[in-house]
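Chemist: Mind looking over this structure? Questions follow.
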Amino acid sequence: MIADVAGYSRLMERDEAGTHARLQEIRAQITDPAVRRHGGRIVRTVGDGLLVEFPSAMSALEAAIEIQRTMAERNRTLPAAARIDHRIGINLGDILVDEHDIAGTGVNVAARLEAIAPPGGIAISGTVRKQVRQDLGVSFVDVGQQYVKNISQPVRVFEVELGGPPSLWRRLRARRWPRGLAAAVGAVAILIGAWFAWQHAVPAEKPPQSLVVLPFSYRSETPGAEPLAASLTAQLTGAVSRVTDIHVIAPTVAARFAGRRNDVQQIGRELKVRYALAGSVEGSGNQIRVAVHLVDTDSGSSLWNTEVDAPATTAETAPLALVGRLSESLRTAVRAAELQRFAAGAESSSAYAAALLAADELQKSTDPRQLPLIRNRFERALQLDAQHVPALIGYAHTLAYETQRAGASQQRDVLLAKADEATLRAVTLQPANAEAWGARANVLFFRGQLDAAAEAAQRALTLNPYLFVVHSFSGQILLARGRAEEALSAFDRSLELHPTSVARGVLMHFRCRALLLLNRYAEAIESCERGMAFGPEWPDYMVLTAAYALQGDAKRAARAMADLRRLQPAFSIRWHQALAGRSSGGETAFDRRLHDGLRIAGVPE
């Protein structure tokens, strides 16, 4: 097992003595005791690095899981600047042993796996995965065969999903209570990125988040594969090019590299892009499979891959949902790769880097008290570049979050006025920026300006129909206006465009609300319960209580009400009316239906 600290050089540069002291404390309290408990032997330590030998792969993985979970809990209450995240790589293989050290290919592979692991994460080889038979409370994500530095054969790599407490975007999921901005957090998480000097036709260096979508390959025996492959190449390039934080090579230029997908490093040098995406279309009968693979053009290593199954089609245009799902996953993967570059020591003093790192903090934060600190990060990015549009977008969303904690209405109004000004600047600087219009729709919604919010959301979707989060915003605006059927369609479209989104539970919750307003109580209950699988909170139990009561199921309504009062002891109908009215400007049709159900269930007035 090899472990090191993500961004160690950056941490030492900021506070050498403090970082050294925190590392010593972590070793004494967390890493060394975990290693000993699982039978490990610390072979050597160098700076932030740790090389450990274990008697079995299972022991190594158990120690790594304990370390990362303990560190995550330790970091949860710390400010971002004080957090230390480890990356851990584990391999099972032959080693060379002398009196005091170990070496060999087995150790080298572990080192490469450590470099692949995300901050706070664990990467293991396929040989380790085969040895893990017990249920350790984690899941394993197969990231495929990886070519790593100085190792001739590819290594099968698995990332360990540790689970853990729900992040802020899951906790702040509903609009008019402290769960209300999960969709906005998702937006920030996927919107903040590069705003660099793209004016130059041939940049001297590879720009941040620069990408080429290589022509999709296809199997000739698959009916309709050839036109679908061509359509996917063009549409996916177009979808990603609509995102201002990604620089995409034109499809006419990319077409020159058809058939050269195994030569991505040369392609990267010729086109001056950091990343290349290769895709394929194949299938049989009524089903097709689209596979995509993102590669780092500097190292040639695989960064991300996925496969999507879809019904076969004779149309020459790829389905919107398929293109949207691929583009959403792709830009998330590119953003993660950029963050990994910073963790590895890449230059991070630009407005671009400051905004990207702030967005990452916002995504991972589990404590609303950290929001002012995160807002300061966006403000720092804007000090470096006042016209950095992604920073303006992130700044506006963070301000909107803070309104959920604002005690006085005057304080809330000040925050929203700043957010409104930020989105106005963003759309003025870039009138064709769909994400900026989406942020504007979100802020206007919080200000209770529903007609203006709907107009901004429509503008965003006209510019980029693939933005799942703006479809969610649109649905919430429609629901507030009492147009439940249209809201339900918007939520379903958002789920269709990004079915694997971490905001899926949020969307299922909002579907439940729309169905409640449509008097479709059984469907509302089903949608609520499916959404609660992602982490139930008091607004889920509130809507579920009303749905059961309106359906006539007093027993289940009473159970849901007990859970509601357990999580929110102060809850009453008037309490919720005050909370709802604060953001919407008054009681909506949904609120009235909800309160009718809550009264039937016996919730105190």
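Chain identifiers are assigned as A, B, and so on, following the order in which chains appear in the structure tokens; residues are numbered from 1 within each chain, and ligands are numbered from 1 in order of appearance.
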Tell me which protein, DNA and RNA residues are within 8 Å of A:Glu526, counting only C-alpha atoms, leaving out same-chain ones fewer than 4 positions away, and put them as an MDAnalysis selection string.
Modeler: chainID A and resid 512 522 530
Chemist: Would you export the selected residues with C-alpha atoms as a PDB file, in the first residue's frame, please?
Modeler:
ATOM      1  CA  CYS A 512     -43.545  13.717  -5.808  1.00  0.00           C
ATOM      2  CA  ALA A 522     -50.106   6.630  -5.102  1.00  0.00           C
ATOM      3  CA  ARG A 530     -37.651   6.243  -4.360  1.00  0.00           C
TER       4      ARG A 530
END
Chemist: Near A:Gly120, counting only C-alpha atoms, which residues have an atom at most 8 Å away, once you skip same-chain residues fewer than 5 positions from it, shown as a compact mmCIF listing (two decimals) with C-alpha atoms, in the first residue's frame?
Modeler:
# COMPACT_ATOMS: atom_id res chain seq x y z
CA GLN A 68 -9.90 7.27 4.48
CA MET A 71 -9.84 11.25 7.58
CA ALA A 72 -13.17 12.14 5.93
CA ASP A 85 -6.64 14.33 1.88
CA HIS A 86 -4.70 11.13 1.20
CA ARG A 87 -4.58 9.17 -2.02
Chemist: Quick one: pull the distance between atom CA of A:Glu347 and atom CA of A:Pro208, Å, one decimal.
Modeler: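 One can read the atom CA of A:Glu347 to atom CA of A:Pro208 distance as 11.1 Å.
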Chemist: Write out as JSON lines the residues of stretch 431-525 of chain A that have any atom within 8 Å of an atom of stretch 542-553 of chain A, one row each with the nearest atom pair and its distance in Å to one decimal, counting only C-alpha atoms, sorted by chain and then rising number.
Modeler:
{"residue": "A:Cys512", "atom": "CA", "partner": "A:Val543", "partner_atom": "CA", "distance": 7.7}
{"residue": "A:Arg513", "atom": "CA", "partner": "A:Val543", "partner_atom": "CA", "distance": 7.1}
{"residue": "A:Leu516", "atom": "CA", "partner": "A:Ala547", "partner_atom": "CA", "distance": 6.5}
{"residue": "A:Tyr521", "atom": "CA", "partner": "A:Ala547", "partner_atom": "CA", "distance": 5.5}
{"residue": "A:Ala522", "atom": "CA", "partner": "A:Gln551", "partner_atom": "CA", "distance": 7.4}
{"residue": "A:Ala524", "atom": "CA", "partner": "A:Ala547", "partner_atom": "CA", "distance": 6.9}
{"residue": "A:Ile525", "atom": "CA", "partner": "A:Leu544", "partner_atom": "CA", "distance": 6.2}
Chemist: Now that the selection is made, can you save its residues with N, CA, C and O atoms as a CSV table (one decimal), in the first residue's frame?
Modeler:
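In the end it all went to again05.csv:
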chain,number,residue,atom,x,y,z
A,512,CYS,N,-42.5,14.0,-6.8
A,512,CYS,CA,-43.5,13.7,-5.8
A,512,CYS,C,-44.4,14.9,-5.6
A,512,CYS,O,-45.7,14.8,-5.4
A,513,ARG,N,-43.9,16.1,-5.5
A,513,ARG,CA,-44.6,17.3,-5.3
A,513,ARG,C,-45.6,17.6,-6.4
A,513,ARG,O,-46.8,17.9,-6.2
A,516,LEU,N,-48.4,15.1,-6.3
A,516,LEU,CA,-49.4,15.5,-5.2
A,516,LEU,C,-50.3,16.5,-5.7
A,516,LEU,O,-51.6,16.5,-5.4
A,521,TYR,N,-51.9,10.4,-5.9
A,521,TYR,CA,-51.3,10.2,-4.6
A,521,TYR,C,-50.4,9.0,-4.5
A,521,TYR,O,-49.3,9.0,-4.0
A,522,ALA,N,-50.9,7.9,-5.1
A,522,ALA,CA,-50.1,6.6,-5.1
A,522,ALA,C,-48.8,6.8,-5.8
A,522,ALA,O,-47.7,6.4,-5.4
A,524,ALA,N,-47.3,9.7,-6.3
A,524,ALA,CA,-46.5,10.6,-5.5
A,524,ALA,C,-45.8,9.9,-4.4
A,524,ALA,O,-44.6,10.1,-4.1
A,525,ILE,N,-46.4,9.0,-3.7
A,525,ILE,CA,-45.8,8.2,-2.6
A,525,ILE,C,-44.7,7.4,-3.2
A,525,ILE,O,-43.6,7.3,-2.6
Chemist: What separation in Å, quoted to one decimal, exists between atom CA of A:Gly49 and atom CA of A:Tyr8?
Modeler: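 Separation between atom CA of A:Gly49 and atom CA of A:Tyr8: 9.7 Å.
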Chemist: With only C-alpha atoms counted and 12 Å as the cut-off, give the residues of stretch 338-457 of chain A in contact with stretch 11-21 of chain A, each with its shortest interatomic distance in Å and the pair that gives it, as a tab-separated table.
Modeler:
residue	atom	partner	partner_atom	distance
A:Phe342	CA	A:Leu11	CA	11.7
A:Ala343	CA	A:Leu11	CA	10.2
A:Ala344	CA	A:Leu11	CA	11.7
A:Gly345	CA	A:Leu11	CA	10.1
Chemist: Can you tell me which residues surround A:Asn75 at a distance of at most 12 Å, considering only C-alpha atoms, apart from same-chain residues fewer than 2 positions away, and format the answer as a list in words?
Modeler: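 After dropping sequence-adjacent residues, the list is Arg22, Ile26, Gln68, Arg69, Thr70, Met71, Ala72, Glu73, Thr77, Leu78, Pro79, Ala80, Ala81, Ala82, Arg83, Ile84, Asp85, His86, Gly120, Glu361, Lys364, Ser365, Thr366 and Asp367 of chain A.
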Chemist: Determine the nearest neighbour of A:Val5 from the options A:Leu96, A:Leu61, A:Leu399, A:Ala117, counting only C-alpha atoms.
Modeler: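 The closest residue to A:Val5 is A:Ala117.
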Chemist: I need the residue nearest A:Asn91 from this list: A:Ser472, A:Ser327, A:Ser125, A:Gln387. Use only C-alpha atoms for the distance.
Modeler: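 Using only C-alpha atoms, the shortest distance to A:Asn91 belongs to A:Ser125.
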Chemist: Residues within 7 Å of A:Ala441, please, as a VMD selection string. Count only C-alpha atoms; anything in the same chain fewer than 3 positions from it doesn't count.
Modeler: chain A and resid 437 to 438 444 to 445 453 to 454 456 to 457
Chemist: Hey, can you check how far atom CA of A:Ala436 sits from atom CA of A:Leu392?
Modeler: 8.4 Å
